[in-house]
Every structure is written in structure tokens, then in C-alpha cells.
>>> print(open('coords.txt').read())   # compact mmCIF, C-alpha atoms
# COMPACT_ATOMS: atom_id res chain seq x y z
CA MET A 1 137.51 107.62 96.00
CA GLU A 2 134.93 109.81 94.27
CA ALA A 3 133.92 106.93 91.96
CA HIS A 4 133.58 104.65 95.01
CA GLY A 5 131.28 107.22 96.67
CA ALA A 6 129.15 107.52 93.54
CA GLY A 7 128.89 103.73 93.32
CA LEU A 8 127.83 103.48 96.97
CA ARG A 9 125.16 106.16 96.45
CA ARG A 10 123.85 104.24 93.44
CA VAL A 11 123.62 101.02 95.48
CA LEU A 12 121.82 102.86 98.30
CA VAL A 13 119.33 104.41 95.85
CA LEU A 14 118.68 100.96 94.34
CA ALA A 15 118.14 99.48 97.81
CA PHE A 16 115.75 102.35 98.55
CA CYS A 17 113.79 101.59 95.34
CA VAL A 18 113.62 97.87 96.13
CA ALA A 19 112.41 98.54 99.68
CA GLY A 20 109.84 101.06 98.41
CA ILE A 21 108.39 98.83 95.68
CA TRP A 22 108.36 95.72 97.85
CA SER A 23 106.81 97.36 100.92
CA ALA A 24 104.17 99.33 98.95
CA TYR A 25 102.96 96.49 96.73
CA ILE A 26 103.30 93.63 99.22
CA TYR A 27 101.21 95.58 101.73
CA GLN A 28 98.78 96.53 98.97
CA GLY A 29 98.44 92.83 98.16
CA ILE A 30 97.66 92.05 101.81
CA LEU A 31 94.99 94.77 101.83
CA GLN A 32 93.55 93.55 98.53
CA GLU A 33 93.29 90.02 99.86
CA THR A 34 91.77 91.27 103.13
CA LEU A 35 89.10 93.29 101.31
CA SER A 36 88.19 90.37 99.05
CA THR A 37 87.96 87.67 101.74
CA LYS A 38 87.27 89.28 105.13
CA ARG A 39 83.84 89.48 106.74
CA PHE A 40 83.42 92.96 108.24
CA GLY A 41 81.48 94.03 111.33
CA SER A 42 79.09 92.15 113.56
CA ASP A 43 76.88 91.30 110.57
CA GLY A 44 79.80 89.49 108.90
CA LYS A 45 79.26 91.04 105.47
CA ARG A 46 81.78 90.80 102.65
CA PHE A 47 82.88 93.78 100.58
CA GLU A 48 81.44 92.61 97.25
CA HIS A 49 82.13 95.73 95.18
CA LEU A 50 85.81 95.11 94.41
CA ALA A 51 85.69 97.25 91.25
CA PHE A 52 85.22 100.22 93.61
CA LEU A 53 88.89 99.76 94.58
CA ASN A 54 89.90 100.70 91.04
CA LEU A 55 87.80 103.88 91.16
CA ALA A 56 89.29 104.85 94.52
CA GLN A 57 92.78 104.09 93.18
CA ASN A 58 92.13 106.23 90.07
CA VAL A 59 91.02 109.21 92.17
CA VAL A 60 93.99 109.03 94.57
CA CYS A 61 96.53 108.56 91.74
CA LEU A 62 94.91 111.38 89.73
CA VAL A 63 95.33 113.81 92.62
CA TRP A 64 98.82 112.46 93.38
CA SER A 65 100.04 112.84 89.78
CA TYR A 66 98.61 116.37 89.53
CA ILE A 67 100.49 117.38 92.69
CA MET A 68 103.71 115.77 91.42
CA ILE A 69 103.45 117.58 88.08
CA LYS A 70 102.97 120.92 89.84
CA LEU A 71 105.84 120.25 92.26
CA TRP A 72 108.47 118.49 90.16
CA SER A 73 107.70 118.67 86.45
CA SER A 74 110.16 120.83 84.55
CA SER A 75 108.49 120.18 81.19
CA SER A 76 107.89 123.26 79.06
CA GLY A 77 105.10 121.60 77.08
CA GLY A 78 105.06 119.17 74.19
CA GLY A 79 103.69 116.26 76.23
CA ALA A 80 100.63 114.26 75.20
CA PRO A 81 97.32 116.11 75.75
CA TRP A 82 95.08 114.52 78.38
CA TRP A 83 92.41 113.57 75.83
CA THR A 84 94.79 111.28 73.89
CA PHE A 85 94.53 108.68 76.66
CA TRP A 86 90.79 108.08 76.19
CA SER A 87 91.15 104.70 74.42
CA ALA A 88 93.90 103.39 76.69
CA GLY A 89 91.73 104.54 79.60
CA ILE A 90 88.93 102.21 78.47
CA THR A 91 91.08 99.07 78.49
CA ASN A 92 92.88 100.24 81.63
CA THR A 93 89.47 100.44 83.32
CA ILE A 94 88.12 97.11 82.12
CA GLY A 95 91.32 95.05 82.54
CA PRO A 96 92.14 95.77 86.21
CA ALA A 97 88.42 95.44 87.08
CA MET A 98 88.49 91.88 85.73
CA GLY A 99 91.75 91.13 87.56
CA ILE A 100 90.42 92.28 90.92
CA GLU A 101 87.03 90.59 90.41
CA ALA A 102 88.93 87.32 89.95
CA LEU A 103 89.64 87.36 93.71
CA LYS A 104 86.01 86.37 94.28
CA TYR A 105 86.69 83.09 92.49
CA ILE A 106 90.37 82.16 93.05
CA SER A 107 92.89 82.74 95.84
CA TYR A 108 95.31 85.67 95.90
CA PRO A 109 98.40 83.47 95.21
CA ALA A 110 96.60 81.96 92.20
CA GLN A 111 95.71 85.42 90.90
CA VAL A 112 99.29 86.71 91.27
CA LEU A 113 100.63 83.63 89.50
CA ALA A 114 98.14 83.89 86.63
CA LYS A 115 98.85 87.62 86.15
CA SER A 116 102.60 86.89 86.07
CA SER A 117 102.17 85.14 82.73
CA LYS A 118 101.89 88.34 80.66
CA MET A 119 104.50 87.05 78.21
CA ILE A 120 102.12 84.32 76.97
CA PRO A 121 99.51 86.57 75.23
CA VAL A 122 102.32 88.89 74.07
CA MET A 123 104.18 86.04 72.33
CA LEU A 124 100.97 84.50 70.96
CA MET A 125 99.92 87.83 69.43
CA GLY A 126 103.45 88.42 68.14
CA THR A 127 103.63 85.00 66.48
CA LEU A 128 100.07 84.68 65.12
CA VAL A 129 99.31 88.30 64.18
CA TYR A 130 102.67 89.92 63.42
CA GLY A 131 104.68 86.85 62.36
CA ILE A 132 107.47 87.54 64.87
CA ARG A 133 109.94 84.70 65.34
CA TYR A 134 111.24 84.15 68.85
CA THR A 135 114.33 82.24 69.94
CA PHE A 136 114.23 78.76 71.47
CA PRO A 137 115.15 80.08 74.98
CA GLU A 138 112.25 82.59 74.76
CA TYR A 139 109.85 79.76 73.92
CA MET A 140 111.29 77.79 76.84
CA CYS A 141 110.53 80.69 79.20
CA THR A 142 106.95 80.77 77.95
CA PHE A 143 106.63 77.00 78.28
CA LEU A 144 107.84 77.10 81.91
CA VAL A 145 105.45 79.91 82.83
CA ALA A 146 102.45 78.44 80.97
CA GLY A 147 103.17 74.96 82.34
CA GLY A 148 103.54 76.21 85.91
CA VAL A 149 100.34 78.27 85.84
CA SER A 150 98.37 75.45 84.16
CA ALA A 151 99.58 72.82 86.62
CA PHE A 152 98.83 75.11 89.57
CA ALA A 153 95.30 75.72 88.24
CA LEU A 154 94.62 72.00 87.84
CA MET A 155 95.75 71.09 91.34
CA LYS A 156 93.26 70.84 94.17
CA THR A 157 93.00 73.98 96.32
CA SER A 158 92.87 73.48 100.09
CA SER A 159 89.43 73.59 101.71
CA LYS A 160 90.65 76.37 104.03
CA THR A 161 91.48 78.60 101.05
CA ILE A 162 88.20 77.79 99.26
CA SER A 163 86.16 78.65 102.37
CA LYS A 164 87.51 82.23 102.24
CA LEU A 165 86.37 82.87 98.66
CA ALA A 166 83.07 84.62 97.97
CA HIS A 167 82.16 82.46 94.95
CA PRO A 168 84.77 79.71 94.30
CA ASN A 169 85.03 79.13 90.55
CA ALA A 170 88.54 78.46 89.23
CA PRO A 171 87.80 78.53 85.45
CA LEU A 172 86.03 81.89 85.76
CA GLY A 173 88.75 83.33 88.01
CA TYR A 174 91.62 82.33 85.70
CA GLY A 175 89.61 83.44 82.67
CA LEU A 176 89.21 86.91 84.16
CA CYS A 177 92.96 87.08 84.89
CA PHE A 178 93.89 86.23 81.30
CA LEU A 179 91.36 88.76 79.94
CA ASN A 180 93.02 91.28 82.28
CA LEU A 181 96.37 90.48 80.65
CA ALA A 182 94.91 90.84 77.15
CA PHE A 183 93.48 94.28 77.96
CA ASP A 184 96.78 95.27 79.62
CA GLY A 185 98.57 94.38 76.39
CA PHE A 186 96.38 96.79 74.42
CA THR A 187 96.83 99.47 77.11
CA ASN A 188 100.64 99.18 76.99
CA ALA A 189 100.69 99.24 73.19
CA THR A 190 98.49 102.37 73.13
CA GLN A 191 100.67 104.12 75.72
CA ASP A 192 103.78 103.31 73.65
CA SER A 193 102.09 104.77 70.57
CA ILE A 194 101.21 107.97 72.45
CA THR A 195 104.74 108.45 73.85
CA ALA A 196 106.16 107.83 70.35
CA ARG A 197 103.97 110.64 68.98
CA TYR A 198 104.69 112.91 71.94
CA PRO A 199 108.29 112.17 73.06
CA LYS A 200 108.22 114.83 75.78
CA THR A 201 105.44 113.02 77.65
CA SER A 202 106.55 112.34 81.23
CA ALA A 203 105.56 109.43 83.47
CA TRP A 204 103.44 111.86 85.48
CA ASP A 205 101.61 112.97 82.32
CA ILE A 206 100.76 109.33 81.58
CA MET A 207 99.67 108.73 85.16
CA LEU A 208 97.46 111.83 85.09
CA GLY A 209 95.86 111.04 81.71
CA MET A 210 95.23 107.37 82.48
CA ASN A 211 93.74 108.00 85.91
CA LEU A 212 91.65 110.93 84.68
CA TRP A 213 89.91 108.72 82.11
CA GLY A 214 89.78 105.82 84.57
CA THR A 215 87.98 108.07 87.06
CA ILE A 216 85.50 109.24 84.40
CA TYR A 217 84.71 105.72 83.14
CA ASN A 218 84.46 104.18 86.62
CA MET A 219 82.26 107.04 87.86
CA ILE A 220 79.87 106.48 84.94
CA TYR A 221 79.86 102.71 85.52
CA MET A 222 79.41 102.86 89.31
CA PHE A 223 77.31 106.02 89.76
CA GLY A 224 75.75 106.54 86.33
CA TRP A 225 72.34 105.16 87.28
CA PRO A 226 70.17 105.19 90.44
CA HIS A 227 71.09 101.67 91.59
CA GLY A 228 74.75 101.70 90.58
CA SER A 229 77.13 99.55 92.62
CA GLY A 230 79.09 102.64 93.69
CA PHE A 231 76.25 103.76 95.96
CA GLU A 232 76.24 100.36 97.68
CA ALA A 233 80.04 100.49 98.08
CA VAL A 234 79.87 103.92 99.72
CA GLN A 235 77.08 102.74 102.02
CA PHE A 236 79.14 99.68 103.00
CA CYS A 237 82.10 101.93 103.86
CA LYS A 238 79.85 104.12 106.03
CA GLN A 239 78.62 101.07 107.91
CA HIS A 240 82.10 99.52 108.15
CA PRO A 241 84.76 102.24 108.63
CA GLU A 242 87.44 99.56 108.88
CA ALA A 243 86.84 98.69 105.23
CA ALA A 244 87.03 102.37 104.25
CA TRP A 245 90.38 102.68 106.03
CA ASP A 246 91.72 99.59 104.24
CA ILE A 247 90.62 101.06 100.88
CA LEU A 248 92.40 104.34 101.62
CA LEU A 249 95.63 102.54 102.57
CA TYR A 250 95.29 100.34 99.46
CA CYS A 251 95.12 103.45 97.24
CA LEU A 252 98.03 105.19 98.97
CA CYS A 253 100.18 102.07 98.56
CA GLY A 254 99.47 102.11 94.82
CA ALA A 255 100.37 105.80 94.49
CA VAL A 256 103.58 105.43 96.53
CA GLY A 257 104.52 102.29 94.60
CA GLN A 258 104.15 104.17 91.30
CA ASN A 259 106.59 106.78 92.61
CA PHE A 260 109.22 104.15 93.30
CA ILE A 261 108.64 102.48 89.92
CA PHE A 262 109.18 105.81 88.12
CA LEU A 263 112.33 106.44 90.19
CA THR A 264 113.68 102.94 89.42
CA ILE A 265 113.08 103.24 85.66
CA SER A 266 114.60 106.73 85.49
CA ARG A 267 117.74 105.75 87.46
CA PHE A 268 118.29 102.08 86.55
CA GLY A 269 116.13 101.28 83.50
CA SER A 270 113.09 99.09 82.84
CA LEU A 271 115.02 95.82 83.21
CA ALA A 272 115.89 96.57 86.83
CA ASN A 273 112.27 97.52 87.46
CA THR A 274 111.05 94.24 85.91
CA THR A 275 113.44 92.27 88.11
CA ILE A 276 112.27 94.04 91.28
CA THR A 277 108.55 93.72 90.50
CA THR A 278 108.91 90.04 89.51
CA THR A 279 110.65 89.11 92.76
CA ARG A 280 108.03 91.16 94.61
CA LYS A 281 105.30 88.94 93.20
CA PHE A 282 107.05 85.83 94.47
CA VAL A 283 107.43 87.39 97.94
CA SER A 284 103.73 88.36 97.86
CA ILE A 285 102.79 84.71 97.36
CA VAL A 286 105.04 83.67 100.25
CA VAL A 287 103.57 86.38 102.51
CA SER A 288 100.01 85.41 101.55
CA SER A 289 100.74 81.76 102.32
CA LEU A 290 102.28 82.54 105.71
CA LEU A 291 100.19 85.46 106.98
CA SER A 292 96.81 85.07 105.31
CA GLY A 293 96.38 81.35 105.80
CA ASN A 294 96.53 80.25 102.16
CA PRO A 295 98.48 77.00 102.53
CA LEU A 296 100.14 75.68 99.36
CA SER A 297 101.03 72.02 98.89
CA PRO A 298 104.62 71.03 97.97
CA LYS A 299 103.45 70.43 94.38
CA GLN A 300 101.89 73.91 94.22
CA TRP A 301 105.15 75.43 95.50
CA GLY A 302 106.88 73.51 92.71
CA CYS A 303 104.55 75.19 90.18
CA VAL A 304 105.27 78.61 91.71
CA LEU A 305 109.03 78.02 91.46
CA MET A 306 108.60 76.79 87.86
CA VAL A 307 106.82 80.03 86.90
CA PHE A 308 109.36 82.28 88.58
CA PHE A 309 112.28 80.34 87.15
CA GLY A 310 110.81 81.01 83.69
CA LEU A 311 110.36 84.71 84.51
CA SER A 312 113.89 84.94 85.93
CA TYR A 313 115.34 83.30 82.82
CA GLN A 314 113.42 85.80 80.67
CA ILE A 315 114.99 88.66 82.65
CA TYR A 316 118.43 87.09 82.14
CA LEU A 317 117.82 86.87 78.36
CA LYS A 318 116.82 90.55 78.27
CA TRP A 319 119.96 91.45 80.22
CA LYS A 320 122.15 89.52 77.76
CA LYS A 321 120.44 91.24 74.83
CA LEU A 322 121.01 94.63 76.46
CA GLN A 323 124.69 93.81 76.98
CA ARG A 324 125.10 92.91 73.30
CA LEU A 325 123.44 96.16 72.21
CA GLN A 326 125.72 98.19 74.47
CA LYS A 327 128.80 96.43 73.04
CA LYS A 328 127.66 97.22 69.49
CA LYS A 329 127.23 100.90 70.38
CA LYS A 330 130.77 101.04 71.79
CA THR A 331 132.24 99.53 68.63
>>> encode(input="coords.txt", output="C-alpha cells")
Amino acid sequence: MEAHGAGLRRVLVLAFCVAGIWSAYIYQGILQETLSTKRFGSDGKRFEHLAFLNLAQNVVCLVWSYIMIKLWSSSSGGGAPWWTFWSAGITNTIGPAMGIEALKYISYPAQVLAKSSKMIPVMLMGTLVYGIRYTFPEYMCTFLVAGGVSAFALMKTSSKTISKLAHPNAPLGYGLCFLNLAFDGFTNATQDSITARYPKTSAWDIMLGMNLWGTIYNMIYMFGWPHGSGFEAVQFCKQHPEAAWDILLYCLCGAVGQNFIFLTISRFGSLANTTITTTRKFVSIVVSSLLSGNPLSPKQWGCVLMVFFGLSYQIYLKWKKLQRLQKKKKT
């Protein structure tokens, strides 16, 4: 009976994590798409300074992580010093800025799909630079994802979707997304190196260090000279309070979503988190298509399913590998 109760609590906590991640990031996606496509106010102006969203997100997450460390952290020291994140902070500033700028050139579903193909640069770097050999099923996953994204990119986008974009340019938009992935790869590798050197580093320490440097770099970029784009972004928000409210909600969604990701990884592991975030991306595309008026053709839906089948198969392969490792430990 006690084991049954513990199992039920675990299921409820997992459901809570799924609901938290899905609701936070799906709504953040809606806000991101709104800010990149909507015309605000009677003058019908677009919010052109999308990189400002990253600065706002850095500031909110910096404050959030500091509060969480003060409230919940039981660490007695030994974590990574804040200054060790300076190099990861550079790529973590440039990469997301490119990803969000891509929304000026391609639709939100296209951006989500392109950014779902993180395994492609990882496997290319692994094969070409480090000489890593992958299994045939792993190559099949990559082929499905790369094929789906490529086919989606080559298909004609509806005129309704194109009319919403600030500067329609598919090659530039997809190029920015893949550069975003490349910078993310360096960021993740640097974070792994830091946590290996400082094993007592908590998720909140990482969040604090990354967002501290992100705030510094973005402040310099956006406010470091008299005509920086940050001043124009602030002025736009003053003239259009609706945009300012959307930006605040966007940032809060990101901070809350990070909380649920940390909770999921600590309770259920990174594989469960990957599964939840991958399915969330698929739901985001469905929501964007239904609510935001980004109609996809049957062939485009086929490409979306192809990509997410490849991602799902990759998750299954990781799960099988994890099962084998657990069996070896038992024996």
C-alpha cells in the first residue's frame, strides 16, 4: 500500500512537471510569435528589436535564480564561481539572439522545427572532429530530422504566413537558426566542463552565472553607445504598453519553465526532460497553426511528423541505452 502511494505521488509529480513545462513554454512561444509579427497601436508599428527579449529574459532569470539560491540552496560552497561562465555567456548571448532574430525571416513553426535539429551539428562535429562512430539507428534518426527540416524549408510557405513576417527571407532565417544551434553546442560543452571542474555547482548557480554574463553582454550591446537599439526598444515599450506587458509575461514564462525543467531533471532524469520538451515543441507547432493563423499544407505536416518521429526514435534509443547500463550495474 505504501509503495502504491509512493508510485501515485511520483506520477502526480511527473504530471505536474509536464503541465508546467508545456504551459510555460507553449505560452512563451505564443508571446514570442505575437511580438515578432503583431503590429502594435494605432500607428501599426512592429517591435523590431527582438534581441531585447533576450536581455529582458536575462534580467528576470538573474533575479529569479538569485532569489531561489537564497531561499532553497543548501550548498555550503564549492560551486563554480560566477566569473567562470564568462565564455559560455558570450555564446549564450549570441546564439539565442540569432534564433529569435530568425522570426523576422521565417515563421514560428519553421523556427521551432529548425531548432529541433540540434542532433545534426552534434553528430557532424562528433564524426568530423572527434572521430566518433555512431550506430546505424542514430544515423537514421539524423537522416529523418535533416530530411524533414530540409523538405519543410524547400516547400512553399502560404501567402498568409509570409504577409506576417517583417522581412521574409527563408535562407537567412534557417541560417540563423543553425548558427544558433552551433553556438548552443559550444555553450552546453562549456557548461559541462565547468560542472566537471566544480561538481557541487547547482542548476541555480548555472542559471545565475549564465544570466549575469548575458545581462552584462546584452547591456553593452544594446545600451553601450548613444544610438543603441536598447534605447529604441524602451521607447517603443513606453509608447506601446501592450508590448511591454507581453515582454514581461514572456520573461516570466521562461523563468517558471526553467523551474519545472530543474524539477523534472532532479526527480526523473534528463531523458524524461528531453521527452517532455520534445513533445512540447510539436504541440507548439500545432498551437501556432491553429491559433496564430500559420496554416501548414498536408505535405508540411508530413515533414513535421517526419522530424518528430526521428526525435522520438532518438529518445527511444537513449532509453534502451540507459536500460542496458542499469542492467550492467545490477550484475
>>> atom_distance(input="coords.txt", atom1="CA of Val145 (chain A)", atom2="CA of Phe282 (chain A)")
13.2 Å
>>> residues_around(input="coords.txt", residues="Cys303 (chain A)", least_positions_apart="3", cutoff="9 Å", atoms="all atoms listed in the file", output="list in words")
Val145, Gly147, Gly148, Val149, Ser150, Ala151, Phe152, Pro298, Lys299, Gln300, Met306, Val307 and Phe308 of chain A
>>> residues_around(input="coords.txt", residues="Asp43 (chain A)", least_positions_apart="3", cutoff="12 Å", atoms="all atoms listed in the file", output="number ranges by chain")
A: 38-40, 46-47, 236, 239-240
>>> atom_distance(input="coords.txt", atom1="CA of Leu144 (chain A)", atom2="CA of Ile261 (chain A)")
26.6 Å
>>> residues_around(input="coords.txt", residues="region 220-231 of chain A", least_positions_apart="2", cutoff="12 Å", atoms="only C-alpha atoms", output="list in words")
Phe47, Glu48, His49, Leu50, Ala51, Phe52, Leu53, Asn54, Leu55, Ala56, Ile90, Thr93, Ile94, Ala97, Trp213, Gly214, Thr215, Ile216, Tyr217, Asn218, Ala233, Val234, Gln235, Phe236, Cys237 and Lys238 of chain A
>>> closest_residue(input="coords.txt", among="A:Thr37, A:Asn259, A:Asn92, A:Ser193", to="Pro168 (chain A)", atoms="all atoms listed in the file")
A:Thr37
>>> closest_residue(input="coords.txt", among="A:Thr190, A:Ser36, A:Ser202, A:Asn180", to="Ser116 (chain A)", atoms="all atoms listed in the file")
A:Asn180
>>> axis_aligned_box(input="coords.txt", around="region 236-241 of chain A", padding_each_side="5 Å", output="JSON")
{"center_x": 81.7, "center_y": 101.8, "center_z": 105.8, "size_x": 16.1, "size_y": 14.6, "size_z": 15.6}
>>> residues_around(input="coords.txt", residues="Ile106 (chain A)", least_positions_apart="3", cutoff="9 Å", atoms="all atoms listed in the file", output="short mmCIF file (atom, residue, chain, number, x, y, z; two decimals) with C-alpha atoms, keeping the file's coordinate frame")
data_model
loop_
_atom_site.label_atom_id
_atom_site.label_comp_id
_atom_site.auth_asym_id
_atom_site.auth_seq_id
_atom_site.Cartn_x
_atom_site.Cartn_y
_atom_site.Cartn_z
CA ALA A 102 88.93 87.32 89.95
CA LEU A 103 89.64 87.36 93.71
CA PRO A 109 98.40 83.47 95.21
CA ALA A 110 96.60 81.96 92.20
CA GLN A 111 95.71 85.42 90.90
CA THR A 161 91.48 78.60 101.05
CA ILE A 162 88.20 77.79 99.26
CA LEU A 165 86.37 82.87 98.66
CA HIS A 167 82.16 82.46 94.95
CA PRO A 168 84.77 79.71 94.30
CA ASN A 169 85.03 79.13 90.55
CA ALA A 170 88.54 78.46 89.23
CA PRO A 171 87.80 78.53 85.45
CA LEU A 172 86.03 81.89 85.76
CA GLY A 173 88.75 83.33 88.01
CA TYR A 174 91.62 82.33 85.70
#
>>> residues_around(input="coords.txt", residues="Thr201 (chain A)", least_positions_apart="4", cutoff="10 Å", atoms="only C-alpha atoms", output="ChimeraX atom specification")
/A:75,77-81,194-197,205-206
>>> closest_residue(input="coords.txt", among="A:Val18, A:Leu322, A:Leu31, A:Leu317", to="Ile265 (chain A)", atoms="all atoms listed in the file")
A:Val18
>>> residues_near_point(input="coords.txt", point="(110.4, 85.6, 88.8)", cutoff="6 Å", atoms="all atoms listed in the file", output="ChimeraX atom specification")
/A:278-279,308-309,311-312
>>> atom_distance(input="coords.txt", atom1="CA of Gly95 (chain A)", atom2="CA of Ile247 (chain A)")
19.3 Å
>>> build_atoms(input="coords.txt", residues="region 242-261 of chain A", atoms="N, CA and C atoms", output="mmCIF file, in the frame of the given file")
data_model
loop_
_atom_site.group_PDB
_atom_site.id
_atom_site.type_symbol
_atom_site.label_atom_id
_atom_site.label_comp_id
_atom_site.auth_asym_id
_atom_site.auth_seq_id
_atom_site.Cartn_x
_atom_site.Cartn_y
_atom_site.Cartn_z
ATOM 1 N N GLU A 242 86.200 100.334 109.008
ATOM 2 C CA GLU A 242 87.440 99.560 108.880
ATOM 3 C C GLU A 242 87.736 99.254 107.414
ATOM 4 N N ALA A 243 86.681 98.948 106.663
ATOM 5 C CA ALA A 243 86.840 98.690 105.230
ATOM 6 C C ALA A 243 87.268 99.957 104.495
ATOM 7 N N ALA A 244 86.677 101.089 104.882
ATOM 8 C CA ALA A 244 87.030 102.370 104.250
ATOM 9 C C ALA A 244 88.501 102.701 104.494
ATOM 10 N N TRP A 245 88.979 102.436 105.694
ATOM 11 C CA TRP A 245 90.380 102.680 106.030
ATOM 12 C C TRP A 245 91.308 101.796 105.196
ATOM 13 N N ASP A 246 90.928 100.523 105.056
ATOM 14 C CA ASP A 246 91.720 99.590 104.240
ATOM 15 C C ASP A 246 91.781 100.051 102.787
ATOM 16 N N ILE A 247 90.667 100.574 102.273
ATOM 17 C CA ILE A 247 90.620 101.060 100.880
ATOM 18 C C ILE A 247 91.547 102.257 100.713
ATOM 19 N N LEU A 248 91.525 103.175 101.683
ATOM 20 C CA LEU A 248 92.400 104.340 101.620
ATOM 21 C C LEU A 248 93.870 103.927 101.619
ATOM 22 N N LEU A 249 94.240 103.019 102.506
ATOM 23 C CA LEU A 249 95.630 102.540 102.570
ATOM 24 C C LEU A 249 96.009 101.821 101.274
ATOM 25 N N TYR A 250 95.078 101.044 100.726
ATOM 26 C CA TYR A 250 95.290 100.340 99.460
ATOM 27 C C TYR A 250 95.647 101.336 98.348
ATOM 28 N N CYS A 251 94.895 102.429 98.278
ATOM 29 C CA CYS A 251 95.120 103.450 97.240
ATOM 30 C C CYS A 251 96.453 104.169 97.443
ATOM 31 N N LEU A 252 96.765 104.502 98.684
ATOM 32 C CA LEU A 252 98.030 105.190 98.970
ATOM 33 C C LEU A 252 99.221 104.301 98.634
ATOM 34 N N CYS A 253 99.109 103.010 98.912
ATOM 35 C CA CYS A 253 100.180 102.070 98.560
ATOM 36 C C CYS A 253 100.429 102.067 97.052
ATOM 37 N N GLY A 254 99.328 102.087 96.279
ATOM 38 C CA GLY A 254 99.470 102.110 94.820
ATOM 39 C C GLY A 254 100.148 103.381 94.330
ATOM 40 N N ALA A 255 99.771 104.525 94.901
ATOM 41 C CA ALA A 255 100.370 105.800 94.490
ATOM 42 C C ALA A 255 101.847 105.857 94.864
ATOM 43 N N VAL A 256 102.186 105.436 96.081
ATOM 44 C CA VAL A 256 103.580 105.430 96.530
ATOM 45 C C VAL A 256 104.405 104.455 95.690
ATOM 46 N N GLY A 257 103.822 103.283 95.415
ATOM 47 C CA GLY A 257 104.520 102.290 94.600
ATOM 48 C C GLY A 257 104.849 102.816 93.215
ATOM 49 N N GLN A 258 103.905 103.567 92.609
ATOM 50 C CA GLN A 258 104.150 104.170 91.300
ATOM 51 C C GLN A 258 105.343 105.125 91.347
ATOM 52 N N ASN A 259 105.444 105.885 92.437
ATOM 53 C CA ASN A 259 106.590 106.780 92.610
ATOM 54 C C ASN A 259 107.907 106.029 92.534
ATOM 55 N N PHE A 260 107.987 104.925 93.258
ATOM 56 C CA PHE A 260 109.220 104.150 93.300
ATOM 57 C C PHE A 260 109.507 103.471 91.955
ATOM 58 N N ILE A 261 108.449 103.077 91.248
ATOM 59 C CA ILE A 261 108.640 102.480 89.920
ATOM 60 C C ILE A 261 109.222 103.527 88.961
#
